[in-house]
Every structure is written in C-alpha cells, then in structure tokens.
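Enquirer: Could you have a look at this structure, given as structure tokens, before my questions?
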Amino acid sequence: MKRHVFYEKGIGGLVVGICLAVGLFAAQPLAQADSGKVLTVGLMSCISGAQAVIGNTCKFGWEQGIDYINKQKMLGDIELKQMVADDQLNATVGLNAYQGFKDKILAFAGYDTSGCSALRPFVEQDKKPFLALTTNQTFIYPPSDYVFGIAPPYEEILVGFLKAVKASWKEARAPRLGLISFETPSGRVPISAAKKYGPDFGWEIDPVTIVPPTAVDFSEAIAQIKAKKPDWVLLSLTGGQIKGVLSQAQTAGAKGMTRWLLPLWGGFTDSTTQVVTKENLEGVYGFCLISNPEAHAGAKKWAEWTKANSGTACDESGNSGAVGAFVMAKAIQKALEKVSFQELNGPNLSKHGLQRIENFQMFGDLMPPITFGPKLSRGSSNACLLHMVKGQAQVAMPWFNVPSLGQGKK
C-alpha cells in the first residue's frame, strides 16, 4: 500500500501522521459546526528533497499567516486549521500526497513545483480550489474554476521586464539578454519565453546556455558572456549553481561585464542568501513577486510581526506562503457572505469566494493587489526588480505591469 506523509498543525501544535492508504482518509464534513466552527486548509510544498529550503520557508510563512488569521479573529468565531503535504519536488509524490489529504481540506495552496504541476486535472475533477503561489502559463491557462495563480506566470514576468527595460532604452542598438538555465521544465520556461517574445519587443536573445541540474563548471557559459557581452543575464539555476556562476564570473573578470538576474521565481530570499553570500550577490538583480522586507514597508511590518510572534522574521519566500493564507481567508470571508458555514465547500469557495476577490492587500504592500474573477485566474498584474547594494536589497525597478498573455476562455 502507498504511504502518505502529512503534517497537521492548529494553534495547539504540530502533529505528524502517516496514513497507510488513501482509503483510510474517510470523507468527513469540512465545516465542523458540532465541535466549534473549524475549517481545514492545506499547503503543498517541497518540505524535503532538493529544494527543501525553499519549501520550508514557504511553510513557515504559511503557518505564520494561519496563526495571524486566528489570533486576529479575521474569520470571527471560525478557527483555521492546516495540513501540510510534502511533494518532494516530484510529480508522483505530489499527486500521492494530494490524494492523501484532499478529503481532509477545503482548499489548498502551494508552489507550482513539479509536485504541483500535475495536479490540475485532479483538482478540477475533485472541485478542490488550489492557489498556486508561483506558477507558469500552462498551469493556470486557460482559466479554471479551481486553479488560481497569485503571482503572474514566469513567462509573463519576463515579458513585463523586457517591455519595461526597452521602454527606457536609449541606445541605437537592441538590448541583449543572455540566459543560463538548468535542464529542467522550469529552467526551459524562460528560454522559450525569451526566444518567443523577446524579438517582438526589440531584444536580441544571445547567448543561451543549458546545463545539467548538477553542473558545477560554468566556464563555457562565462566565455560566451564575455564574447557576446549581453546587457542582462538571467540565471535559472539552483542556489548552489548561482553561487558557482557568480564566483567563477568574478574570477574570470566577467561579473562586472553584465547585469546578473536571479531566477524569475524569486530573488533575494533567505534560501538564496543562505547559499550565495551577499558578497557574491553584490551588484546582482533579483525579481520580486510578493515583497521583500528590506525593500517594502509592508513586508517589513509583517517581518516584525512574525519575529515577535515566533522569534523568526518572515522573508520574501515565506511571504508567498503568508499571502496564500491571507487570500484563502479572504475567499472564505467572501463566500460566507453568500452561503452558510455548513454550505461552504470547494465549488462555493471558488464561485462566491475566490472569484469575488478584488484589489485585496494585507499589510499595505506585503503583496501587490490581488484580483480574481470568473475568467481571471491570475491574481497579481505586477512584479518589481531589486538590486543588491552594499548588502541590502533595494528597489531598482518599482512595481511594473506584467501583461497577460493567455487569459483566454475556459
């Protein structure tokens, strides 16, 4: 029999359980009125495996968001409990984990990792709303009643960046973007988007280097950068590989020849700065999809609350988990304006909750305004660019518009 590891945490503490088969998860009411008003929501993230640092910072932010919602009585007399499923950055593990907790939760959030990316047909079949904290086009388009992306898809973030830079470009020649990506689906996304859309906005895309996920020698990629002299270089790599590229570029005298961009899925997070020293990151640029406590007042305020509440300040990556919790709570609030507590289920949460969220924010600019609708599956239309200067992340490009490339029809 398959084993499903899940983590369940309410205000009272953390319980770790192992279910020996999906069948042991007997269906039960998600709204438990007889023992007090309790709703259970879920998070799927890579708690173990290759990207466990990112997954656990997201989990921390999610837990702090749930804690804040309960302590501030944002849902009145309703208590939110949570379950966390580990996808291990693996599609098969992610699907099994989802099957293991789907009947226990009203809805769930998660990164669009390989563990979540295969879930769309299953959550649509089960009518189980899913909030993707980061995502790509193929996951949220065409719009779905049960799949929503809080941040814009990676492809659209890149297009928004290309348009914003080109709008202020003063030189007669075209700007040039280079890319170094690992050979994974998420690594190929920016390459495909750059080649497809870059020329339309007047960009040259060159050089492009694809490396194995385990690569440690980047001399060939650096040689291409020195030869082609791109204005920007987008890195879609692991934290360890980013450290290797920047260190080797410094040694080769190439680091100052271009503007280095951290991956589209987030820049100066703890999971990056714990691996890549701030010395190596000096002068480097990073995308920001939610907010960073060094650069945004709302994120700083939230970091102060989490520090006081738990002893640890929430970082940029953790903020995405917190925003997922806040959006979930807002959807519940909106749905309960239309249906009773006992009627709250996946379809009603989607129709009367998520699809009615408009210009929602918490803690000021902790996140850009979030809006969903019946045919609007992308919540945010903004991203910004940060720049590491003397060990501090500063705003290099304020929130810029990210165009929609694929809303289409359901």
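Identifiers in this document derive from the order of the structure tokens: chains are assigned A, B, ..., residues are numbered from 1 separately in each chain, and ligands are numbered from 1 in order of occurrence.
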For A:Phe148, find every residue with an atom within 12 Å (counting only C-alpha atoms), except residues of its own chain fewer than 3 positions away, and show them as JSON, numbers by chain.
Expert: {"A": [107, 108, 109, 110, 111, 112, 120, 123, 124, 128, 129, 130, 131, 132, 133, 134, 135, 136, 137, 138, 139, 140, 141, 142, 143, 144, 145, 151, 152, 153, 324, 327, 328, 331, 350, 354, 355, 357, 370, 371, 372, 373, 374, 375, 376, 377, 378, 379, 380, 407]}
Enquirer: Which residues come within 6 Å of stretch 316-322 of chain A, counting only C-alpha atoms, excluding same-chain residues fewer than 6 positions away, as a list in words?
Expert: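 That gives Thr57, Cys58, Gly61, Trp62, Gly65, Thr269, Ser291 and Asn292 of chain A.
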Enquirer: Choose the residue, out of A:Ala193, A:Leu179, A:Ala313, A:Val41, that has the smallest atom-to-atom separation from A:Pro263; count only C-alpha atoms.
Expert: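 For A:Pro263, the nearest of the given residues is A:Leu179.
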Enquirer: Considering only C-alpha atoms, can you say which of A:Gly364, A:Gly55, A:Pro213, A:Gly391 comes closest to A:Gly298?
Expert: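 Counting only C-alpha atoms, the residue closest to A:Gly298 is A:Gly364.
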Enquirer: Pick out the closest residue to A:Ala91 from this set: A:Gln392, A:Gln333, A:Gln72, A:Ser117. Count only C-alpha atoms.
Expert: A:Ser117
Enquirer: List every residue of stretch 44-207 of chain A that DSSP, applied to the backbone of this structure, assigns to helix (DSSP H, G or I), and report them as an MDAnalysis selection string.
Expert: chainID A and resid 52:71 91:104 120:126 137:140 154:167 185:201
Enquirer: With a distance cut-off of 8 Å and only C-alpha atoms, select the neighbouring residues of A:Ser48, excluding the residue or stretch itself and same-chain residues fewer than 2 positions from it, and output the selection as a ChimeraX atom specification.
Expert: /A:46,50-52,55,86-88
Enquirer: Fewer than 3 positions away in the same chain doesn't count, so skip those; otherwise give me all residues within 9 Å of A:Arg259, counting only C-alpha atoms, as a list in words.
Expert: Pro230, Asp231, Trp232, Val233, Leu234, Lys255, Gly256, Gly283, Val284 and Tyr285 of chain A
Enquirer: Write out as an MDAnalysis selection string the set of residues from stretch 68-214 of chain A that DSSP, computed on the backbone, places in strand (DSSP E).
Expert: chainID A and resid 79:86 108:110 130:132 147:149 176:182 204:211
Enquirer: Just want the 12 Å neighbourhood of A:Leu262, counted on only C-alpha atoms, with same-chain residues fewer than 6 positions away dropped. Output as a ChimeraX atom specification.
Expert: /A:158,179-181,190,232-239,241-243,245-246,268-269,272-273,276,281,283-288,385-388
Enquirer: Any idea what the distance is between atom CA of A:Phe182 and atom CA of A:Gln224?
Expert: 16.1 Å
Enquirer: To one decimal place in Å, what is the distance between atom CA of A:Ser340 and atom CA of A:Gly42?
Expert: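 Separation between atom CA of A:Ser340 and atom CA of A:Gly42: 21.3 Å.
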Enquirer: Calculated over only C-alpha atoms, which of the candidates A:Ile205, A:Ile150, A:Ala194, A:Ala329 has the smallest distance to A:Lys73?
Expert: A:Ala329
Enquirer: How far is it from atom CA of A:Lys278 to atom CA of A:Val216, in Å with one decimal?
Expert: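 We find that atom CA of A:Lys278 and atom CA of A:Val216 lie 19.8 Å from each other.
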Enquirer: Tell me which of A:Thr214, A:Gln342, A:Ser192, A:Thr40 sits closest to A:Asp103, counting only C-alpha atoms.
Expert: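 Once distances to A:Asp103 are computed over only C-alpha atoms, the minimum belongs to A:Thr40.
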